[in-house]
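Colleague: Here it is, the structure, as structure tokens.
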Amino acid sequence: MKPAPTVRFHAAHALLPQGWAQDVRIESVAGRITAVVAGEVWDGQSQRLDVVVPGLGNLHSHAFQRAMAGLTEVGGRSGDSFWSWRELMYRFLDRLDPETFQAIAAQAYMEMLESGFTRVGEFHYLHHTENGSRYADHAEMSVRVAAGADETGLGLTLLPVFYAHSDFGGAAPTPAQRRFLHDIDGFADLLEGCKRALADTPDAVLGLAPHSLRASTPEELQALVALAPGPIHIHIAEQTREVDACLAWSGQRPVEWLYANAAVDARWCLVHATHVNDKEVQLMADSGAVVGLCPITEANLGDGLFPMREFVRVGGRFGVGSDSNVLIDAAEELRLLEYGQRLQLRGRNVLSPGDLSSGRWLYQQAGEGGAQALGVQAGLSVGAAADLLELDAEHPALLNRSGDALLDSWLFAARNGALRSVWRNGRALVRDGRHVNRDAISARYRAALARILG
């Protein structure tokens, strides 16, 4: 077998872990960075790029929900909330078969790449047929997730979800949840199927996700941690109703209960964690776990605002995710994360400690936290994936900028067109802001929506 060829890039400006550098040679073999050298003249042959930053990890996605974006924006007479939205979502997913699901996932993953996300954590709970029975291949829907990632080139961290109950204390599931459900033995079998599904997916990572404390008993949670092959993600403390229900069941708040009953460490990602007190903020920071924030979805669902500044001050780690995929935009997730805190605290540049600009700090911190939560190495460094974003320095919002001002202007002042190209594992997947296979992927997506919504 011939050795994999070396792919060479030359970046006029690149954001390395230690900071900005000029005239940077980046080499990769089989999708992995093997050399990063600053201060080198272009050799006339390497792929020439302008402003390069590392790809960003999307640590929390429910891909199928992309197809229902914009269809839940009508409230009822008694008001609307996360819980009424959830009932609409349950009814929508009953229309999805494997082929339709794959087409929707591919569309979502393509849009993620076009916005700057280069890896996704797919929090995947749609496992069974419309009547709740297993597919002939237990992992059929996980196979479809992997196929969507392969089709688009997006990096995949697959997080099959364990779901067994409708509420705290092992309450019986509802009929609407029939496509999610497993016992521990069945879930262990699903994990084996997921391993097979990912066998041919480049640099895929397999973890798992107890859906929430509502959906698993304490005994089941312990068994799941023992089964975990990689990262462990969990929805937690997203809604005040969830906090109240946990207090009524256990006498403790959700994050407080989790830390009292599980060895939470750097493998864990606590998704949302919106409603936490000072004690819980400190517990999360001290454990090294990542908090997964999804500002666009949290705003859309009316979840509330995470106490971000307090978490940052005690050394907390975080990343961002597109969650419901109502809008897929990496820059917008970071922008809204900062802006939500500014609105709440009535100040400007409220998260960065001051030695870095807001854009630079947000981007690097979310990059490091996202990579940790997704089980991969972060940044433009030897051993990491060759996931490169090229910004267009000629975009009106980026003109005459340099260094941190480039990131600030992309995140806070640019719209379409500022992201020129995306390279994933050393392959060009987005050119001039458009995925190289957009036409074919979008055609299948249109056909899928015609079947389920037409």
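Within each chain, counting starts at residue 1; across the structure tokens, chains are named A, B, ... in the order shown, with ligands numbered 1 upward in that order.
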Can you check which residues of region 153-349 of chain A DSSP gives as helix (DSSP H, G or I) on the backbone and send them as an NGL selection string?
Modeller: :A and (175-177 or 184-197 or 218-227 or 240-250 or 254-261 or 278-287 or 295-301 or 308-313 or 330-345)
Colleague: Hey, what's within 6 Å of Leu337 (chain A) if we count only C-alpha atoms and toss same-chain stuff fewer than 3 positions away? As JSON, numbers by chain, please?
Modeller: {"A": [295, 334, 340]}
Colleague: Tell me, in Å to one decimal, how far CA of Cys246 (chain A) is from CA of Gln344 (chain A).
Modeller: 26.4 Å
Colleague: Which is closer to Val320 (chain A) than all the others in A:Arg267, A:His138, A:Arg335, A:His165, using only C-alpha atoms?
Modeller: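 With only C-alpha atoms as the atom set, the closest residue is A:Arg335.
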Colleague: List the spatial neighbours of Met68 (chain A) as a list in words - criterion: any atom at most 8 Å away, only C-alpha atoms, same-chain residues fewer than 3 positions off excluded.
Modeller: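 Once the adjacent positions are removed, what remains is Phe64, Gln65, Leu71, Thr72, Met89, Phe92 and Val326 of chain A.
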Colleague: Take the residues from that selection and write them out as a CSV table (one decimal), in the first residue's frame, keeping N, CA and C atoms.
Modeller:
```
chain,number,residue,atom,x,y,z
A,64,PHE,N,-32.2,15.7,12.9
A,64,PHE,CA,-33.5,15.7,12.2
A,64,PHE,C,-34.4,16.9,12.4
A,65,GLN,N,-34.1,17.6,13.5
A,65,GLN,CA,-34.9,18.8,13.8
A,65,GLN,C,-34.7,20.0,12.8
A,71,LEU,N,-41.3,25.9,11.9
A,71,LEU,CA,-42.7,25.3,11.9
A,71,LEU,C,-43.3,25.3,13.3
A,72,THR,N,-42.7,25.9,14.3
A,72,THR,CA,-43.2,25.9,15.6
A,72,THR,C,-43.3,27.3,16.2
A,89,MET,N,-42.6,18.4,18.4
A,89,MET,CA,-41.4,17.7,17.9
A,89,MET,C,-41.7,16.2,17.8
A,92,PHE,N,-43.7,15.3,14.9
A,92,PHE,CA,-43.0,15.5,13.6
A,92,PHE,C,-42.1,14.3,13.4
A,326,VAL,N,-32.5,25.1,14.5
A,326,VAL,CA,-33.4,26.0,13.9
A,326,VAL,C,-32.7,27.0,13.1
```
Colleague: Can you pull out the residues contacting Glu390 (chain A)? Cut-off 12 Å, using only C-alpha atoms, and skip same-chain residues under 5 positions away; I want them as a PyMOL selection string.
Modeller: chain A and resi 9-15+47-55+114-116+395+406-407+410+417-424+428-433
Colleague: What are the closest atom pairs, with distances in Å to one decimal, for each residue of region 112-214 of chain A lying within 9 Å of region 222-234 of chain A, using only C-alpha atoms, rows by chain and rising residue number, as CSV?
Modeller:
```
residue,atom,partner,partner_atom,distance
A:Phe123,CA,A:His233,CA,8.1
A:Thr157,CA,A:Pro231,CA,8.7
A:Leu159,CA,A:His233,CA,7.5
A:Val161,CA,A:Ile234,CA,8.8
A:Phe162,CA,A:Leu224,CA,8.2
A:Ile184,CA,A:Ala223,CA,7.4
A:Phe187,CA,A:Leu224,CA,8.9
A:Ala188,CA,A:Leu227,CA,7.3
A:Leu191,CA,A:Leu227,CA,8.8
A:Val205,CA,A:Gly230,CA,7.3
A:Leu206,CA,A:Gly230,CA,5.9
A:Gly207,CA,A:Gly230,CA,4.3
A:Leu208,CA,A:Ile232,CA,5.3
A:Ala209,CA,A:His233,CA,4.7
A:Pro210,CA,A:Ile234,CA,5.5
A:His211,CA,A:Ile234,CA,5.5
A:Ser212,CA,A:Ile234,CA,5.5
A:Leu213,CA,A:Ile234,CA,8.1
```
Colleague: Hey, what does DSSP flag as strand (DSSP E) within region 250-446 of chain A? Can you give it to me as a ChimeraX atom specification?
Modeller: /A:268-272,290-293,317-320,388-391,419-424,427-431,434-435
Colleague: Hey, what's within 7 Å of Thr100 (chain A) if we count only C-alpha atoms and toss same-chain stuff fewer than 4 positions away? As a list of chain:residue names, please?
Modeller: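 After dropping sequence-adjacent residues, the list is A:Leu96, A:Ile104, A:Ala448.
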Colleague: Could you please take those selected residues and save N, CA and C atoms as a tab-separated table (two decimals), in the first residue's frame?
Modeller:
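For reference, result.tsv as written:
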```
chain	number	residue	atom	x	y	z
A	96	LEU	N	-40.63	10.23	10.08
A	96	LEU	CA	-39.30	10.03	9.52
A	96	LEU	C	-38.97	8.55	9.35
A	104	ILE	N	-32.09	14.51	5.68
A	104	ILE	CA	-32.14	15.68	6.56
A	104	ILE	C	-30.81	15.87	7.27
A	448	ALA	N	-37.01	14.75	0.33
A	448	ALA	CA	-37.40	14.23	1.64
A	448	ALA	C	-38.51	15.09	2.23
```
Colleague: Which distance in Å separates CA of Leu327 (chain A) and CA of Ile452 (chain A), to one decimal?
Modeller: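 These atoms are spaced 20.1 Å apart.
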Colleague: Using only C-alpha atoms, determine which residues lie at most 8 Å from Ala38 (chain A), disregarding the query and same-chain residues fewer than 2 positions distant; provide the list as a PyMOL selection string.
Modeller: chain A and resi 21-25+36+40
Colleague: Those same residues, written as a PDB file, in the first residue's frame with N, CA and C atoms?
Modeller:
```pdb
ATOM      1  N   ALA A  21       0.151  34.087  13.686  1.00  0.00           N
ATOM      2  CA  ALA A  21       1.464  33.964  13.036  1.00  0.00           C
ATOM      3  C   ALA A  21       1.279  34.246  11.548  1.00  0.00           C
ATOM      4  N   GLN A  22       2.373  34.658  10.906  1.00  0.00           N
ATOM      5  CA  GLN A  22       2.336  34.981   9.484  1.00  0.00           C
ATOM      6  C   GLN A  22       3.128  33.954   8.681  1.00  0.00           C
ATOM      7  N   ASP A  23       2.731  33.806   7.418  1.00  0.00           N
ATOM      8  CA  ASP A  23       3.424  32.918   6.483  1.00  0.00           C
ATOM      9  C   ASP A  23       3.633  31.539   7.102  1.00  0.00           C
ATOM     10  N   VAL A  24       2.526  30.862   7.330  1.00  0.00           N
ATOM     11  CA  VAL A  24       2.541  29.594   8.062  1.00  0.00           C
ATOM     12  C   VAL A  24       2.383  28.425   7.087  1.00  0.00           C
ATOM     13  N   ARG A  25       3.346  27.517   7.143  1.00  0.00           N
ATOM     14  CA  ARG A  25       3.253  26.269   6.376  1.00  0.00           C
ATOM     15  C   ARG A  25       2.600  25.213   7.260  1.00  0.00           C
ATOM     16  N   VAL A  36       3.610  22.385  11.470  1.00  0.00           N
ATOM     17  CA  VAL A  36       3.129  23.771  11.479  1.00  0.00           C
ATOM     18  C   VAL A  36       4.357  24.647  11.690  1.00  0.00           C
ATOM     19  N   GLU A  40       7.581  31.156   6.812  1.00  0.00           N
ATOM     20  CA  GLU A  40       8.130  30.536   5.607  1.00  0.00           C
ATOM     21  C   GLU A  40       7.496  31.143   4.349  1.00  0.00           C
TER      22      GLU A  40
END
```
Colleague: Under the rule that only C-alpha atoms are counted, which of A:Leu88, A:Met308, A:Val271, A:Ala440 is the nearest residue to Leu345 (chain A)?
Modeller: A:Met308
Colleague: Select, from A:Leu351, A:Ala176, A:Ala35, A:Ala273, the residue with the minimum atom-to-atom distance to Gln239 (chain A), counting only C-alpha atoms.
Modeller: A:Ala273
Colleague: Report, in Å to a single decimal, how far apart CA of Leu301 (chain A) and CA of Ser81 (chain A) are.
Modeller: 6.6 Å
Colleague: Of the candidates A:Leu391, A:Ala67, A:Val276, A:Val382, which shows the shortest atom-to-atom distance to Val243 (chain A), using only C-alpha atoms?
Modeller: A:Val276
Colleague: What's the 10 Å shell around Ser381 (chain A), counting only C-alpha atoms, without same-chain residues fewer than 3 positions away, as number ranges by chain?
Modeller: A: 16-18, 26, 32-37, 54, 377-378, 384-386
Colleague: Store the residues picked out above in a file with C-alpha atoms, as an mmCIF file, in the first residue's frame.
Modeller:
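Saved to selection.cif:
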```
data_model
loop_
_atom_site.group_PDB
_atom_site.id
_atom_site.type_symbol
_atom_site.label_atom_id
_atom_site.label_comp_id
_atom_site.auth_asym_id
_atom_site.auth_seq_id
_atom_site.Cartn_x
_atom_site.Cartn_y
_atom_site.Cartn_z
ATOM 1 C CA LEU A 16 -2.147 28.969 16.189
ATOM 2 C CA PRO A 17 -2.590 27.857 19.820
ATOM 3 C CA GLN A 18 0.049 30.386 20.894
ATOM 4 C CA ILE A 26 0.813 23.563 7.444
ATOM 5 C CA ARG A 32 -3.712 14.771 10.412
ATOM 6 C CA ILE A 33 -1.472 17.802 10.814
ATOM 7 C CA THR A 34 2.176 16.741 10.725
ATOM 8 C CA ALA A 35 3.924 20.132 10.636
ATOM 9 C CA VAL A 36 3.129 23.771 11.479
ATOM 10 C CA VAL A 37 5.946 26.210 10.715
ATOM 11 C CA PRO A 54 -9.091 26.162 13.173
ATOM 12 C CA GLN A 377 -7.543 17.386 19.785
ATOM 13 C CA ALA A 378 -8.113 21.107 19.331
ATOM 14 C CA ALA A 384 -4.868 17.434 15.302
ATOM 15 C CA ALA A 385 -7.176 17.002 12.331
ATOM 16 C CA ALA A 386 -6.377 19.260 9.374
#
```
